[in-house]
Amino acid sequence: VKLRTGFDMHDLPWLTNLCLALQDEGVDRVTLHGRYAKLAFRRTSDWNMIRSLAETLSIPVTGNGDITDPVIALKRLEQSGCDSIMIGREAARSPWIFRSCHELACTGKSVLTVNLHEVFIRGLEYTRDMLPVEFHKSRGHRFSFYFCGNLAFGHGLFARIRHTDSIDGMIVHVNEYFETNPAETE
């Protein structure tokens with residue numbers, strides 16, 4: 001079960017009672033996002049709430065919220081005492097974050113060279129090839145919105161993409177961008 005810390009405020013007693021009831025009913029894992037629902041993406045996640053839940057439950061707890069790089073990921077995992085972490089928006093912006101986290105955890109360092117052009121195209125192709133056509137526009141736009149954050153002039157590229165309905169049209173814009181800005185490939 002994935003849930004937040006409350007609806008219009010953090011509510012640890014409610015959250016604890018709910019999760020204990022879920023555990024008693026056979027739920028085998030709880031994922032907690034450390035912000036309450038009305039905060040949306042404002043303010044930072046409260047990882048103390050995640051820690052409290054991890055200390056209370058006997059089932060695994062996954063922590064979620066504001067994981068933007070491998071150092072933060074491992075720090076949150078250690079400080080919260082949760083069993084695992086979930087990465088949301090950053091997975092669209094930096095799909096290589098999982099490999100970076102793994103390398104940092106295993107070797108103590110993480111240095112990757114990423115071909116942004118190839119990854120951008122691959123992300124759009126996966127969207128086209130793996131999702132029903134009715135999701136292509138919205139999911140292609142959502143992925144592009146986050147991924148364009150990696151590019152110096154990504155705002156201009158996204159402005160063109162958001163007026164494009166097809167994945168193939170989005171790919172044309174991405175290819176044009178990298179032809180004009182080849183230094184941004186890596």
# chains A, B, ... in the order shown; residues from 1 in each chain; ligands from 1
>>> residues_around(residues="stretch 83-93 of chain A", least_positions_apart="3", cutoff="9 Å", atoms="only C-alpha atoms", output="MDAnalysis selection string")
chainID A and resid 31 33 54 60:69 73:74 76:77 80 96:98 123 142:150
>>> select_by_dssp(residues="stretch 48-177 of chain A", states="strand (DSSP E)", output="number ranges by chain")
A: 61-64, 84-86
>>> atom_distance(atom1="atom CA of A:Ile167", atom2="atom CA of A:Gly154")
17.2 Å
>>> atom_distance(atom1="atom CA of A:His155", atom2="atom CA of A:His136")
20.2 Å
>>> decode(residues="stretch 58-73 of chain A", atoms="all heavy atoms", output="PDB file, in the first residue's frame")
ATOM      1  N   SER A  58       6.243  -4.294  11.603  1.00  0.00           N
ATOM      2  CA  SER A  58       7.122  -5.455  11.423  1.00  0.00           C
ATOM      3  C   SER A  58       7.243  -5.822   9.944  1.00  0.00           C
ATOM      4  O   SER A  58       8.088  -6.644   9.589  1.00  0.00           O
ATOM      5  CB  SER A  58       6.607  -6.651  12.228  1.00  0.00           C
ATOM      6  OG  SER A  58       5.302  -7.001  11.813  1.00  0.00           O
ATOM      7  N   ILE A  59       6.411  -5.236   9.090  1.00  0.00           N
ATOM      8  CA  ILE A  59       6.528  -5.454   7.644  1.00  0.00           C
ATOM      9  C   ILE A  59       7.462  -4.395   7.062  1.00  0.00           C
ATOM     10  O   ILE A  59       7.699  -3.358   7.689  1.00  0.00           O
ATOM     11  CB  ILE A  59       5.147  -5.409   6.940  1.00  0.00           C
ATOM     12  CG1 ILE A  59       4.459  -4.048   7.168  1.00  0.00           C
ATOM     13  CG2 ILE A  59       4.274  -6.565   7.393  1.00  0.00           C
ATOM     14  CD1 ILE A  59       3.163  -3.858   6.403  1.00  0.00           C
ATOM     15  N   PRO A  60       8.014  -4.641   5.879  1.00  0.00           N
ATOM     16  CA  PRO A  60       8.915  -3.650   5.277  1.00  0.00           C
ATOM     17  C   PRO A  60       8.219  -2.317   4.987  1.00  0.00           C
ATOM     18  O   PRO A  60       7.046  -2.279   4.615  1.00  0.00           O
ATOM     19  CB  PRO A  60       9.355  -4.317   3.973  1.00  0.00           C
ATOM     20  CG  PRO A  60       9.125  -5.775   4.175  1.00  0.00           C
ATOM     21  CD  PRO A  60       7.940  -5.870   5.087  1.00  0.00           C
ATOM     22  N   VAL A  61       8.972  -1.249   5.163  1.00  0.00           N
ATOM     23  CA  VAL A  61       8.501   0.103   4.867  1.00  0.00           C
ATOM     24  C   VAL A  61       9.426   0.690   3.808  1.00  0.00           C
ATOM     25  O   VAL A  61      10.648   0.660   3.954  1.00  0.00           O
ATOM     26  CB  VAL A  61       8.487   0.988   6.129  1.00  0.00           C
ATOM     27  CG1 VAL A  61       8.161   2.441   5.780  1.00  0.00           C
ATOM     28  CG2 VAL A  61       7.500   0.447   7.150  1.00  0.00           C
ATOM     29  N   THR A  62       8.829   1.230   2.766  1.00  0.00           N
ATOM     30  CA  THR A  62       9.552   1.925   1.710  1.00  0.00           C
ATOM     31  C   THR A  62       9.313   3.411   1.885  1.00  0.00           C
ATOM     32  O   THR A  62       8.169   3.846   2.021  1.00  0.00           O
ATOM     33  CB  THR A  62       9.065   1.469   0.315  1.00  0.00           C
ATOM     34  OG1 THR A  62       9.305   0.074   0.177  1.00  0.00           O
ATOM     35  CG2 THR A  62       9.774   2.217  -0.791  1.00  0.00           C
ATOM     36  N   GLY A  63      10.382   4.207   1.883  1.00  0.00           N
ATOM     37  CA  GLY A  63      10.272   5.651   2.005  1.00  0.00           C
ATOM     38  C   GLY A  63      10.272   6.315   0.639  1.00  0.00           C
ATOM     39  O   GLY A  63      10.939   5.864  -0.281  1.00  0.00           O
ATOM     40  N   ASN A  64       9.522   7.408   0.525  1.00  0.00           N
ATOM     41  CA  ASN A  64       9.376   8.102  -0.748  1.00  0.00           C
ATOM     42  C   ASN A  64       9.305   9.603  -0.499  1.00  0.00           C
ATOM     43  O   ASN A  64       8.702  10.046   0.461  1.00  0.00           O
ATOM     44  CB  ASN A  64       8.103   7.598  -1.439  1.00  0.00           C
ATOM     45  CG  ASN A  64       7.786   8.307  -2.738  1.00  0.00           C
ATOM     46  OD1 ASN A  64       6.680   8.783  -2.914  1.00  0.00           O
ATOM     47  ND2 ASN A  64       8.724   8.366  -3.649  1.00  0.00           N
ATOM     48  N   GLY A  65       9.955  10.356  -1.392  1.00  0.00           N
ATOM     49  CA  GLY A  65       9.847  11.809  -1.351  1.00  0.00           C
ATOM     50  C   GLY A  65      11.172  12.520  -1.405  1.00  0.00           C
ATOM     51  O   GLY A  65      12.059  12.272  -0.593  1.00  0.00           O
ATOM     52  N   ASP A  66      11.336  13.358  -2.414  1.00  0.00           N
ATOM     53  CA  ASP A  66      12.491  14.252  -2.552  1.00  0.00           C
ATOM     54  C   ASP A  66      13.824  13.529  -2.740  1.00  0.00           C
ATOM     55  O   ASP A  66      14.862  14.020  -2.313  1.00  0.00           O
ATOM     56  CB  ASP A  66      12.597  15.210  -1.358  1.00  0.00           C
ATOM     57  CG  ASP A  66      11.340  16.018  -1.140  1.00  0.00           C
ATOM     58  OD1 ASP A  66      10.734  16.440  -2.136  1.00  0.00           O
ATOM     59  OD2 ASP A  66      10.955  16.215   0.025  1.00  0.00           O
ATOM     60  N   ILE A  67      13.811  12.397  -3.392  1.00  0.00           N
ATOM     61  CA  ILE A  67      15.062  11.701  -3.717  1.00  0.00           C
ATOM     62  C   ILE A  67      15.510  12.231  -5.079  1.00  0.00           C
ATOM     63  O   ILE A  67      14.917  11.913  -6.104  1.00  0.00           O
ATOM     64  CB  ILE A  67      14.877  10.173  -3.778  1.00  0.00           C
ATOM     65  CG1 ILE A  67      14.319   9.630  -2.475  1.00  0.00           C
ATOM     66  CG2 ILE A  67      16.190   9.501  -4.159  1.00  0.00           C
ATOM     67  CD1 ILE A  67      15.232   9.779  -1.280  1.00  0.00           C
ATOM     68  N   THR A  68      16.564  13.054  -5.067  1.00  0.00           N
ATOM     69  CA  THR A  68      16.992  13.719  -6.300  1.00  0.00           C
ATOM     70  C   THR A  68      18.399  13.329  -6.747  1.00  0.00           C
ATOM     71  O   THR A  68      18.824  13.733  -7.830  1.00  0.00           O
ATOM     72  CB  THR A  68      16.929  15.248  -6.145  1.00  0.00           C
ATOM     73  OG1 THR A  68      17.716  15.625  -5.006  1.00  0.00           O
ATOM     74  CG2 THR A  68      15.497  15.714  -5.966  1.00  0.00           C
ATOM     75  N   ASP A  69      19.115  12.594  -5.935  1.00  0.00           N
ATOM     76  CA  ASP A  69      20.440  12.116  -6.346  1.00  0.00           C
ATOM     77  C   ASP A  69      20.832  10.934  -5.469  1.00  0.00           C
ATOM     78  O   ASP A  69      20.203  10.679  -4.442  1.00  0.00           O
ATOM     79  CB  ASP A  69      21.491  13.238  -6.316  1.00  0.00           C
ATOM     80  CG  ASP A  69      21.805  13.748  -4.925  1.00  0.00           C
ATOM     81  OD1 ASP A  69      22.148  12.926  -4.042  1.00  0.00           O
ATOM     82  OD2 ASP A  69      21.737  14.963  -4.719  1.00  0.00           O
ATOM     83  N   PRO A  70      21.867  10.200  -5.878  1.00  0.00           N
ATOM     84  CA  PRO A  70      22.251   8.987  -5.142  1.00  0.00           C
ATOM     85  C   PRO A  70      22.691   9.244  -3.704  1.00  0.00           C
ATOM     86  O   PRO A  70      22.422   8.433  -2.816  1.00  0.00           O
ATOM     87  CB  PRO A  70      23.406   8.410  -5.953  1.00  0.00           C
ATOM     88  CG  PRO A  70      23.390   9.091  -7.257  1.00  0.00           C
ATOM     89  CD  PRO A  70      22.633  10.362  -7.105  1.00  0.00           C
ATOM     90  N   VAL A  71      23.353  10.360  -3.458  1.00  0.00           N
ATOM     91  CA  VAL A  71      23.804  10.662  -2.094  1.00  0.00           C
ATOM     92  C   VAL A  71      22.597  10.831  -1.176  1.00  0.00           C
ATOM     93  O   VAL A  71      22.558  10.273  -0.068  1.00  0.00           O
ATOM     94  CB  VAL A  71      24.709  11.918  -2.083  1.00  0.00           C
ATOM     95  CG1 VAL A  71      25.027  12.349  -0.659  1.00  0.00           C
ATOM     96  CG2 VAL A  71      25.992  11.662  -2.868  1.00  0.00           C
ATOM     97  N   ILE A  72      21.611  11.577  -1.628  1.00  0.00           N
ATOM     98  CA  ILE A  72      20.391  11.762  -0.831  1.00  0.00           C
ATOM     99  C   ILE A  72      19.675  10.430  -0.654  1.00  0.00           C
ATOM    100  O   ILE A  72      19.174  10.121   0.429  1.00  0.00           O
ATOM    101  CB  ILE A  72      19.467  12.811  -1.481  1.00  0.00           C
ATOM    102  CG1 ILE A  72      20.099  14.202  -1.378  1.00  0.00           C
ATOM    103  CG2 ILE A  72      18.087  12.801  -0.833  1.00  0.00           C
ATOM    104  CD1 ILE A  72      19.365  15.286  -2.141  1.00  0.00           C
ATOM    105  N   ALA A  73      19.629   9.625  -1.705  1.00  0.00           N
ATOM    106  CA  ALA A  73      18.945   8.323  -1.625  1.00  0.00           C
ATOM    107  C   ALA A  73      19.539   7.465  -0.503  1.00  0.00           C
ATOM    108  O   ALA A  73      18.809   6.953   0.352  1.00  0.00           O
ATOM    109  CB  ALA A  73      19.040   7.600  -2.964  1.00  0.00           C
TER     110      ALA A  73
END
